[in-house]
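The next block is entry_15.cif, given as mmCIF, C-alpha atoms.
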```cif
data_final
loop_
_atom_site.group_PDB
_atom_site.id
_atom_site.type_symbol
_atom_site.label_atom_id
_atom_site.label_comp_id
_atom_site.auth_asym_id
_atom_site.auth_seq_id
_atom_site.Cartn_x
_atom_site.Cartn_y
_atom_site.Cartn_z
ATOM 1 C CA MET G 291 35.186 2.309 -1.841
ATOM 2 C CA GLY G 292 33.050 -0.691 -2.724
ATOM 3 C CA LYS G 293 29.283 -0.872 -2.861
ATOM 4 C CA LYS G 294 27.699 -0.215 0.525
ATOM 5 C CA GLN G 295 25.619 -3.040 1.982
ATOM 6 C CA LEU G 296 22.757 -2.560 4.407
ATOM 7 C CA LEU G 297 22.875 -4.679 7.523
ATOM 8 C CA ASP G 298 20.264 -7.392 7.863
ATOM 9 C CA LEU G 299 17.673 -6.148 10.350
ATOM 10 C CA ARG G 300 17.904 -9.437 12.223
ATOM 11 C CA ASN G 301 21.579 -8.777 12.876
ATOM 12 C CA VAL G 302 20.988 -5.381 14.486
ATOM 13 C CA LYS G 303 20.389 -5.351 18.240
ATOM 14 C CA ILE G 304 19.917 -2.210 20.306
ATOM 15 C CA GLU G 305 20.572 -2.379 24.028
ATOM 16 C CA ASP G 306 19.903 1.035 25.468
ATOM 17 C CA SER G 307 17.911 2.125 28.509
ATOM 18 C CA PHE G 308 16.308 4.987 26.574
ATOM 19 C CA TRP G 309 15.447 3.344 23.244
ATOM 20 C CA ASN G 310 14.522 -0.082 24.568
ATOM 21 C CA LYS G 311 11.644 1.211 26.643
ATOM 22 C CA TYR G 312 10.119 2.560 23.437
ATOM 23 C CA THR G 313 10.716 -0.562 21.349
ATOM 24 C CA LYS G 314 9.120 -2.635 24.101
ATOM 25 C CA LEU G 315 6.204 -0.202 24.285
ATOM 26 C CA VAL G 316 5.617 -0.622 20.550
ATOM 27 C CA THR G 317 5.783 -4.415 20.681
ATOM 28 C CA LYS G 318 3.900 -4.996 23.913
ATOM 29 C CA GLN G 319 1.214 -2.332 23.713
ATOM 30 C CA ILE G 320 0.971 -0.256 20.543
ATOM 31 C CA ILE G 321 0.990 -3.003 17.890
ATOM 32 C CA PRO G 322 -1.495 -5.245 19.779
ATOM 33 C CA TYR G 323 -3.734 -2.228 20.377
ATOM 34 C CA GLN G 324 -3.603 -1.368 16.682
ATOM 35 C CA TRP G 325 -4.592 -4.939 15.824
ATOM 36 C CA GLU G 326 -7.667 -4.583 18.018
ATOM 37 C CA ALA G 327 -8.427 -1.271 16.302
ATOM 38 C CA LEU G 328 -8.063 -2.814 12.832
ATOM 39 C CA ASN G 329 -10.637 -5.390 13.908
ATOM 40 C CA ASP G 330 -12.959 -2.733 15.392
ATOM 41 C CA ARG G 331 -12.694 -4.151 18.891
ATOM 42 C CA ILE G 332 -11.848 -0.946 20.788
ATOM 43 C CA LYS G 333 -14.784 -0.126 23.052
ATOM 44 C CA GLY G 334 -16.058 3.395 22.540
ATOM 45 C CA ALA G 335 -13.906 4.019 19.467
ATOM 46 C CA GLU G 336 -15.286 4.698 16.015
ATOM 47 C CA PRO G 337 -14.749 1.633 13.792
ATOM 48 C CA GLY G 338 -12.180 1.850 11.012
ATOM 49 C CA TYR G 339 -13.416 -1.181 9.045
ATOM 50 C CA SER G 340 -9.933 -2.137 7.820
ATOM 51 C CA ILE G 341 -10.241 -5.902 8.336
ATOM 52 C CA GLU G 342 -13.959 -5.734 7.628
ATOM 53 C CA ASN G 343 -13.323 -4.284 4.166
ATOM 54 C CA PHE G 344 -10.936 -7.097 3.291
ATOM 55 C CA LYS G 345 -13.456 -9.710 4.429
ATOM 56 C CA VAL G 346 -16.151 -8.159 2.259
ATOM 57 C CA ALA G 347 -13.800 -7.876 -0.737
ATOM 58 C CA ALA G 348 -12.796 -11.510 -0.227
ATOM 59 C CA GLY G 349 -16.425 -12.610 -0.231
ATOM 60 C CA LEU G 350 -16.173 -13.903 3.333
ATOM 61 C CA LYS G 351 -19.072 -11.782 4.526
ATOM 62 C CA GLU G 352 -21.812 -9.531 3.228
ATOM 63 C CA GLY G 353 -21.440 -5.783 3.401
ATOM 64 C CA THR G 354 -20.045 -2.722 1.716
ATOM 65 C CA PHE G 355 -16.904 -0.596 1.937
ATOM 66 C CA HIS G 356 -16.473 1.808 4.846
ATOM 67 C CA GLY G 357 -13.783 4.351 5.564
ATOM 68 C CA PHE G 358 -11.401 6.456 3.508
ATOM 69 C CA VAL G 359 -10.440 5.535 -0.042
ATOM 70 C CA CYS G 360 -6.973 4.378 1.085
ATOM 71 C CA GLN G 361 -8.196 2.533 4.178
ATOM 72 C CA ASP G 362 -6.199 -0.560 3.124
ATOM 73 C CA THR G 363 -2.975 1.206 4.075
ATOM 74 C CA ASP G 364 -3.843 0.888 7.771
ATOM 75 C CA LEU G 365 -3.361 -2.873 7.515
ATOM 76 C CA ALA G 366 -0.278 -2.464 5.315
ATOM 77 C CA LYS G 367 1.465 -0.200 7.807
ATOM 78 C CA TRP G 368 0.527 -2.501 10.683
ATOM 79 C CA LEU G 369 2.122 -5.442 8.893
ATOM 80 C CA GLU G 370 5.250 -3.416 8.218
ATOM 81 C CA ALA G 371 5.410 -2.444 11.887
ATOM 82 C CA VAL G 372 5.019 -6.090 12.863
ATOM 83 C CA ALA G 373 7.915 -7.015 10.591
ATOM 84 C CA TYR G 374 10.255 -4.484 12.156
ATOM 85 C CA SER G 375 9.112 -5.527 15.615
ATOM 86 C CA LEU G 376 9.841 -9.189 14.889
ATOM 87 C CA SER G 377 13.313 -8.229 13.703
ATOM 88 C CA TYR G 378 14.384 -7.465 17.271
ATOM 89 C CA GLU G 379 12.023 -9.641 19.298
ATOM 90 C CA GLU G 380 10.324 -12.906 18.386
ATOM 91 C CA ASN G 381 6.597 -13.038 19.048
ATOM 92 C CA GLU G 382 4.723 -16.146 17.911
ATOM 93 C CA GLN G 383 1.271 -14.678 18.507
ATOM 94 C CA LEU G 384 2.032 -11.500 16.606
ATOM 95 C CA GLU G 385 3.511 -13.439 13.700
ATOM 96 C CA LYS G 386 0.484 -15.736 13.647
ATOM 97 C CA GLU G 387 -1.880 -12.759 13.445
ATOM 98 C CA ALA G 388 0.223 -11.238 10.670
ATOM 99 C CA ASP G 389 0.182 -14.495 8.693
ATOM 100 C CA GLU G 390 -3.607 -14.656 9.031
ATOM 101 C CA ALA G 391 -3.919 -11.060 7.838
ATOM 102 C CA ILE G 392 -1.742 -11.841 4.824
ATOM 103 C CA GLU G 393 -3.962 -14.802 3.927
ATOM 104 C CA LEU G 394 -6.980 -12.502 4.147
ATOM 105 C CA ILE G 395 -5.274 -10.093 1.749
ATOM 106 C CA ALA G 396 -4.653 -13.007 -0.619
ATOM 107 C CA LYS G 397 -8.342 -13.923 -0.548
ATOM 108 C CA ALA G 398 -9.296 -10.320 -1.402
ATOM 109 C CA GLN G 399 -6.946 -10.231 -4.387
ATOM 110 C CA GLN G 400 -8.687 -10.481 -7.753
ATOM 111 C CA GLU G 401 -7.868 -13.111 -10.373
ATOM 112 C CA ASP G 402 -5.839 -10.691 -12.488
ATOM 113 C CA GLY G 403 -3.771 -9.623 -9.476
ATOM 114 C CA TYR G 404 -5.617 -6.384 -8.688
ATOM 115 C CA LEU G 405 -5.833 -5.570 -4.986
ATOM 116 C CA ASN G 406 -7.806 -2.693 -3.501
ATOM 117 C CA THR G 407 -10.894 -3.123 -1.348
ATOM 118 C CA TYR G 408 -12.443 0.278 -2.154
ATOM 119 C CA PHE G 409 -12.641 -0.320 -5.888
ATOM 120 C CA THR G 410 -13.243 -4.059 -5.640
ATOM 121 C CA ILE G 411 -16.318 -3.453 -3.496
ATOM 122 C CA LEU G 412 -17.674 -0.107 -4.690
ATOM 123 C CA ALA G 413 -16.447 0.588 -8.207
ATOM 124 C CA PRO G 414 -14.749 -2.349 -9.952
ATOM 125 C CA GLU G 415 -15.430 -0.804 -13.369
ATOM 126 C CA HIS G 416 -13.537 2.370 -12.402
ATOM 127 C CA ARG G 417 -10.093 0.955 -11.648
ATOM 128 C CA PHE G 418 -7.351 3.528 -12.268
ATOM 129 C CA LYS G 419 -9.909 6.041 -13.557
ATOM 130 C CA ASN G 420 -9.080 8.669 -10.955
ATOM 131 C CA LEU G 421 -5.404 8.502 -10.100
ATOM 132 C CA ARG G 422 -5.466 11.914 -8.449
ATOM 133 C CA GLU G 423 -7.973 10.912 -5.776
ATOM 134 C CA GLY G 424 -8.200 7.121 -5.943
ATOM 135 C CA HIS G 425 -4.932 6.332 -4.146
ATOM 136 C CA GLU G 426 -4.760 2.860 -5.738
ATOM 137 C CA LEU G 427 -1.063 3.156 -6.553
ATOM 138 C CA TYR G 428 -0.313 4.800 -3.216
ATOM 139 C CA THR G 429 -1.997 1.925 -1.388
ATOM 140 C CA ALA G 430 -0.211 -0.635 -3.557
ATOM 141 C CA GLY G 431 3.129 0.938 -2.711
ATOM 142 C CA HIS G 432 2.533 0.639 1.021
ATOM 143 C CA MET G 433 1.492 -2.979 0.586
ATOM 144 C CA MET G 434 4.699 -3.679 -1.343
ATOM 145 C CA GLU G 435 6.865 -2.074 1.332
ATOM 146 C CA ALA G 436 5.126 -4.148 4.012
ATOM 147 C CA ALA G 437 5.564 -7.337 1.999
ATOM 148 C CA VAL G 438 9.278 -6.740 1.509
ATOM 149 C CA ALA G 439 9.832 -5.929 5.187
ATOM 150 C CA TYR G 440 7.960 -9.050 6.287
ATOM 151 C CA TYR G 441 9.942 -11.232 3.897
ATOM 152 C CA LYS G 442 13.285 -9.793 4.968
ATOM 153 C CA VAL G 443 12.562 -10.467 8.621
ATOM 154 C CA THR G 444 10.654 -13.762 8.530
ATOM 155 C CA GLY G 445 11.878 -15.266 5.255
ATOM 156 C CA LYS G 446 8.248 -15.962 4.300
ATOM 157 C CA LYS G 447 7.524 -15.232 0.640
ATOM 158 C CA ARG G 448 3.729 -15.408 0.659
ATOM 159 C CA PHE G 449 3.120 -11.653 0.959
ATOM 160 C CA VAL G 450 5.803 -10.839 -1.622
ATOM 161 C CA GLN G 451 4.212 -13.295 -4.062
ATOM 162 C CA ILE G 452 0.833 -11.621 -3.582
ATOM 163 C CA MET G 453 2.322 -8.231 -4.336
ATOM 164 C CA GLU G 454 4.274 -9.564 -7.317
ATOM 165 C CA ARG G 455 0.966 -10.445 -8.947
ATOM 166 C CA PHE G 456 -0.313 -6.911 -8.379
ATOM 167 C CA ALA G 457 2.952 -5.354 -9.526
ATOM 168 C CA ASP G 458 2.865 -7.400 -12.740
ATOM 169 C CA TYR G 459 -0.663 -6.157 -13.367
ATOM 170 C CA ILE G 460 0.338 -2.531 -12.696
ATOM 171 C CA CYS G 461 3.270 -2.815 -15.119
ATOM 172 C CA GLU G 462 0.958 -4.236 -17.772
ATOM 173 C CA VAL G 463 -1.696 -1.532 -17.364
ATOM 174 C CA PHE G 464 0.607 1.478 -17.190
ATOM 175 C CA GLN G 465 2.541 0.584 -20.321
ATOM 176 C CA GLN G 466 -0.652 0.684 -22.384
ATOM 177 C CA GLU G 467 -1.292 3.623 -24.713
ATOM 178 C CA GLU G 468 -4.173 4.891 -22.557
ATOM 179 C CA TYR G 469 -1.841 5.297 -19.582
ATOM 180 C CA LYS G 470 1.429 6.216 -21.303
ATOM 181 C CA ASN G 471 1.554 9.581 -19.481
ATOM 182 C CA ALA G 472 -0.216 8.528 -16.282
ATOM 183 C CA VAL G 473 1.290 9.329 -12.888
ATOM 184 C CA PRO G 474 0.118 8.599 -9.343
ATOM 185 C CA GLY G 475 -1.789 11.378 -7.646
ATOM 186 C CA HIS G 476 0.098 10.545 -4.460
ATOM 187 C CA GLN G 477 3.637 9.225 -4.808
ATOM 188 C CA GLU G 478 4.493 5.983 -2.981
ATOM 189 C CA ILE G 479 4.257 3.226 -5.573
ATOM 190 C CA GLU G 480 7.721 4.162 -6.816
ATOM 191 C CA ILE G 481 9.548 3.167 -3.632
ATOM 192 C CA GLY G 482 7.350 0.087 -3.285
ATOM 193 C CA LEU G 483 8.264 -1.100 -6.767
ATOM 194 C CA ILE G 484 11.956 -0.429 -6.171
ATOM 195 C CA LYS G 485 11.983 -2.445 -2.954
ATOM 196 C CA LEU G 486 10.012 -5.248 -4.583
ATOM 197 C CA SER G 487 12.474 -5.281 -7.475
ATOM 198 C CA GLU G 488 15.379 -5.639 -5.086
ATOM 199 C CA VAL G 489 14.023 -8.809 -3.451
ATOM 200 C CA THR G 490 12.531 -10.426 -6.565
ATOM 201 C CA GLY G 491 15.179 -9.466 -9.104
ATOM 202 C CA LYS G 492 12.496 -8.290 -11.531
ATOM 203 C CA ARG G 493 13.884 -5.377 -13.515
ATOM 204 C CA SER G 494 10.408 -4.499 -14.839
ATOM 205 C CA TYR G 495 9.451 -3.132 -11.415
ATOM 206 C CA MET G 496 12.450 -0.831 -11.298
ATOM 207 C CA ASP G 497 11.717 0.317 -14.855
ATOM 208 C CA MET G 498 8.091 1.056 -13.965
ATOM 209 C CA ALA G 499 9.149 3.099 -10.941
ATOM 210 C CA LYS G 500 11.542 5.117 -13.105
ATOM 211 C CA SER G 501 8.844 5.626 -15.731
ATOM 212 C CA PHE G 502 6.446 7.053 -13.147
ATOM 213 C CA LEU G 503 9.148 9.477 -12.010
ATOM 214 C CA ASP G 504 10.112 10.495 -15.548
ATOM 215 C CA ARG G 505 6.508 11.199 -16.514
ATOM 216 C CA ARG G 506 5.856 13.546 -13.618
ATOM 217 C CA GLY G 507 5.917 17.213 -14.513
ATOM 218 C CA THR G 508 5.573 16.631 -18.256
ATOM 219 C CA GLU G 509 2.921 18.040 -20.564
ATOM 220 C CA PRO G 510 0.140 17.302 -21.118
ATOM 221 C CA ASN G 511 -0.437 16.958 -17.404
ATOM 222 C CA TYR G 512 -2.303 13.685 -16.978
ATOM 223 C CA LEU G 513 -3.843 14.609 -13.621
ATOM 224 C CA VAL G 514 -5.203 17.921 -14.915
ATOM 225 C CA GLU G 515 -6.954 16.326 -17.891
ATOM 226 C CA GLU G 516 -7.890 13.039 -16.250
ATOM 227 C CA HIS G 517 -11.474 14.062 -15.443
ATOM 228 C CA LEU G 518 -12.170 14.402 -19.178
ATOM 229 C CA ARG G 519 -11.451 10.704 -19.785
ATOM 230 C CA GLU G 520 -14.129 8.079 -20.178
ATOM 231 C CA GLY G 521 -14.916 6.245 -16.949
ATOM 232 C CA TRP G 522 -13.603 8.967 -14.623
ATOM 233 C CA ILE G 523 -15.144 8.720 -11.167
ATOM 234 C CA ASP G 524 -15.461 11.646 -8.759
ATOM 235 C CA ILE G 525 -14.334 10.463 -5.318
ATOM 236 C CA PHE G 526 -13.673 13.522 -3.157
ATOM 237 C CA HIS G 527 -16.293 15.824 -4.737
ATOM 238 C CA ASP G 528 -13.719 18.576 -4.333
ATOM 239 C CA ARG G 529 -14.806 21.983 -5.599
ATOM 240 C CA ASN G 530 -11.159 23.112 -5.703
ATOM 241 C CA THR G 531 -10.147 21.300 -8.864
ATOM 242 C CA PHE G 532 -6.709 21.384 -10.480
ATOM 243 C CA PRO G 533 -5.938 24.534 -12.510
ATOM 244 C CA THR G 534 -6.227 24.071 -16.266
ATOM 245 C CA ARG G 535 -2.832 25.627 -16.818
ATOM 246 C CA ILE G 536 0.375 25.930 -14.868
ATOM 247 C CA LEU G 537 1.287 29.485 -13.923
ATOM 248 C CA SER G 538 4.965 30.397 -14.218
ATOM 249 C CA VAL G 539 6.597 32.500 -11.543
ATOM 250 C CA SER G 540 9.402 34.817 -12.619
#
```
Starting from the coordinates I provided, produce the structure as structure tokens.
Amino acid sequence: MGKKQLLDLRNVKIEDSFWNKYTKLVTKQIIPYQWEALNDRIKGAEPGYSIENFKVAAGLKEGTFHGFVCQDTDLAKWLEAVAYSLSYEENEQLEKEADEAIELIAKAQQEDGYLNTYFTILAPEHRFKNLREGHELYTAGHMMEAAVAYYKVTGKKRFVQIMERFADYICEVFQQEEYKNAVPGHQEIEIGLIKLSEVTGKRSYMDMAKSFLDRRGTEPNYLVEEHLREGWIDIFHDRNTFPTRILSVS
């Protein structure tokens, strides 16, 4: 048998009385509601600050970071959902909002390609200094997946180009001696890099994903000893730290 090919999402149409009511619910109600939530416009709901954080990181308004350390992923997953929604139903307003969100992400991106509102706003000198808790690579992976999905459905390369810059920076940093054994505290970047490699043709992304996988489980354990490194930043203030040794079970 030859190599299997995935069908283009735009060429897949589902006409079913059961499933279609849910796809329409997502497009007509859930995704628009989530957009209002990302912009903190839900009356009576606690703000999430997702869009707000990007505006602050982009220098478009004064303020500080609010929310969880991986708050950026809320916007990433919304954009990915929009992409899949557009694959089966065109929606000019939704696509316009997504394009505007992508431009906001571009404005928040740093000159060297780095992209993360938590560290850009609160701790720019502590980039990649706490991989166990910082979720920078996890967040980057979700952004990459969203960018690839949006490109595959709309044909627009802007988001992919943004994430290429960040991926290039990640590949540069994590091939340095300081990070030769480093692994993400939360896996996700690997699949993001693989998907980005597939649409850009850049082998370096695939190689970086493989390197992250190959490093995991090796000694010395980077995540166990990470807090001893210069510049480490305590994010969760977790009293239940990693064990200093791995116990074997017979």
For region 411-417 of chain G, work out the shell of residues within 7 Å, counting all atoms listed in the file and skipping chain neighbours fewer than 6 positions away, then give it as a ChimeraX atom specification. /G:347,354-355,521-523
Might you spell out which residues the PyMOL selection byres ((chain G and resi 368) around 10) would select in the displayed file, as a VMD selection string? chain G and resid 321 to 322 324 to 325 328 363 to 367 369 to 373 388 436
Export of prior selection with C-alpha atoms as a PDB file, in the frame of the given file:
```pdb
ATOM      1  CA  ILE G 321       0.990  -3.003  17.890  1.00  0.00           C
ATOM      2  CA  PRO G 322      -1.495  -5.245  19.779  1.00  0.00           C
ATOM      3  CA  GLN G 324      -3.603  -1.368  16.682  1.00  0.00           C
ATOM      4  CA  TRP G 325      -4.592  -4.939  15.824  1.00  0.00           C
ATOM      5  CA  LEU G 328      -8.063  -2.814  12.832  1.00  0.00           C
ATOM      6  CA  THR G 363      -2.975   1.206   4.075  1.00  0.00           C
ATOM      7  CA  ASP G 364      -3.843   0.888   7.771  1.00  0.00           C
ATOM      8  CA  LEU G 365      -3.361  -2.873   7.515  1.00  0.00           C
ATOM      9  CA  ALA G 366      -0.278  -2.464   5.315  1.00  0.00           C
ATOM     10  CA  LYS G 367       1.465  -0.200   7.807  1.00  0.00           C
ATOM     11  CA  LEU G 369       2.122  -5.442   8.893  1.00  0.00           C
ATOM     12  CA  GLU G 370       5.250  -3.416   8.218  1.00  0.00           C
ATOM     13  CA  ALA G 371       5.410  -2.444  11.887  1.00  0.00           C
ATOM     14  CA  VAL G 372       5.019  -6.090  12.863  1.00  0.00           C
ATOM     15  CA  ALA G 373       7.915  -7.015  10.591  1.00  0.00           C
ATOM     16  CA  ALA G 388       0.223 -11.238  10.670  1.00  0.00           C
ATOM     17  CA  ALA G 436       5.126  -4.148   4.012  1.00  0.00           C
TER      18      ALA G 436
END
```
Nearest to Thr490 (chain G): which of G:Leu376, G:Val438, G:Leu503, G:Leu518 is it, counting all atoms listed in the file? G:Val438
Contacts of Asn310 (chain G) at 12 Å or less, counting only C-alpha atoms, minus same-chain residues fewer than 6 places along, as a list in words?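 In the requested format, the answer is Lys303, Ile304, Val316, Thr317, Lys318, Ser375, Tyr378 and Glu379 of chain G.
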Have a look at G:Ala430, G:Leu421, G:Ala398, G:Ile484 and name the one nearest to Glu516 (chain G); count all atoms listed in the file. G:Leu421
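Take the candidates G:Tyr512, G:Tyr339, G:Phe344, G:Tyr374 and check each one against Lys419 (chain G) using all atoms listed in the file; the shortest distance goes to G:Tyr512.
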Can you give me, as a PDB file with C-alpha atoms, in the frame of the given file, the residues this file yields under the PyMOL selection byres ((chain G and resi 429) around 8)?
```
ATOM      1  CA  CYS G 360      -6.973   4.378   1.085  1.00  0.00           C
ATOM      2  CA  ASP G 362      -6.199  -0.560   3.124  1.00  0.00           C
ATOM      3  CA  THR G 363      -2.975   1.206   4.075  1.00  0.00           C
ATOM      4  CA  ASN G 406      -7.806  -2.693  -3.501  1.00  0.00           C
ATOM      5  CA  HIS G 425      -4.932   6.332  -4.146  1.00  0.00           C
ATOM      6  CA  GLU G 426      -4.760   2.860  -5.738  1.00  0.00           C
ATOM      7  CA  LEU G 427      -1.063   3.156  -6.553  1.00  0.00           C
ATOM      8  CA  TYR G 428      -0.313   4.800  -3.216  1.00  0.00           C
ATOM      9  CA  ALA G 430      -0.211  -0.635  -3.557  1.00  0.00           C
ATOM     10  CA  GLY G 431       3.129   0.938  -2.711  1.00  0.00           C
ATOM     11  CA  HIS G 432       2.533   0.639   1.021  1.00  0.00           C
ATOM     12  CA  MET G 433       1.492  -2.979   0.586  1.00  0.00           C
ATOM     13  CA  GLU G 478       4.493   5.983  -2.981  1.00  0.00           C
ATOM     14  CA  ILE G 479       4.257   3.226  -5.573  1.00  0.00           C
TER      15      ILE G 479
END
```
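Note that CA of Gln383 (chain G) and CA of Leu296 (chain G) are 28.4 Å apart.
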Result set, the PyMOL selection byres ((chain G and resi 443) around 9) on current file, as a PyMOL selection string: chain G and resi 298-300+373-374+376-377+438-442+444-446
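Considering only C-alpha atoms, the residue among G:Gln451, G:Val346, G:Ala391, G:Glu380 positioned nearest to Thr407 (chain G) is G:Val346.
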Selected residue of minimal separation from Gly507 (chain G) among G:Phe526, G:Leu486, G:Glu423, G:Val473, counting only C-alpha atoms: G:Val473
What gap, in Å, lies between CA of Glu467 (chain G) and CA of Asn511 (chain G)?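 Answer for the CA of Glu467 (chain G) to CA of Asn511 (chain G) separation: 15.2 Å.
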Among the residues G:Val359, G:Ala348, G:Ile332, G:Met434, the one that comes closest to Ile395 (chain G) [using all atoms listed in the file]: G:Ala348
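CA of Ala499 (chain G) lies 11.7 Å from CA of Gln465 (chain G).
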Put region 428-440 of chain G into a file with N, CA, C and O atoms, as a tab-separated table (two decimals), in the first residue's frame.
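result_22.tsv was written with the following content:
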```
chain	number	residue	atom	x	y	z
G	428	TYR	N	4.80	24.60	26.09
G	428	TYR	CA	3.43	24.11	25.99
G	428	TYR	C	2.56	25.13	25.25
G	428	TYR	O	1.83	24.79	24.30
G	429	THR	N	2.65	26.38	25.66
G	429	THR	CA	1.87	27.44	25.03
G	429	THR	C	2.27	27.62	23.57
G	429	THR	O	1.42	27.78	22.69
G	430	ALA	N	3.57	27.57	23.31
G	430	ALA	CA	4.06	27.69	21.93
G	430	ALA	C	3.51	26.59	21.05
G	430	ALA	O	3.12	26.81	19.89
G	431	GLY	N	3.44	25.38	21.58
G	431	GLY	CA	2.92	24.26	20.81
G	431	GLY	C	1.48	24.46	20.41
G	431	GLY	O	1.09	24.17	19.27
G	432	HIS	N	0.66	24.95	21.33
G	432	HIS	CA	-0.74	25.21	21.01
G	432	HIS	C	-0.87	26.32	19.96
G	432	HIS	O	-1.74	26.25	19.08
G	433	MET	N	-0.03	27.32	20.06
G	433	MET	CA	-0.04	28.38	19.06
G	433	MET	C	0.32	27.84	17.68
G	433	MET	O	-0.26	28.22	16.66
G	434	MET	N	1.30	26.95	17.64
G	434	MET	CA	1.72	26.36	16.37
G	434	MET	C	0.60	25.52	15.75
G	434	MET	O	0.34	25.60	14.54
G	435	GLU	N	-0.06	24.72	16.58
G	435	GLU	CA	-1.17	23.91	16.07
G	435	GLU	C	-2.28	24.79	15.51
G	435	GLU	O	-2.86	24.50	14.45
G	436	ALA	N	-2.58	25.89	16.20
G	436	ALA	CA	-3.62	26.81	15.74
G	436	ALA	C	-3.21	27.45	14.42
G	436	ALA	O	-4.03	27.59	13.50
G	437	ALA	N	-1.95	27.83	14.32
G	437	ALA	CA	-1.46	28.49	13.10
G	437	ALA	C	-1.56	27.55	11.90
G	437	ALA	O	-1.97	27.96	10.81
G	438	VAL	N	-1.19	26.30	12.10
G	438	VAL	CA	-1.24	25.33	11.01
G	438	VAL	C	-2.68	25.07	10.58
G	438	VAL	O	-2.99	25.03	9.39
G	439	ALA	N	-3.57	24.92	11.55
G	439	ALA	CA	-4.98	24.68	11.23
G	439	ALA	C	-5.56	25.85	10.45
G	439	ALA	O	-6.28	25.65	9.46
G	440	TYR	N	-5.24	27.06	10.88
G	440	TYR	CA	-5.79	28.25	10.22
G	440	TYR	C	-5.26	28.38	8.79
G	440	TYR	O	-5.99	28.74	7.87
```
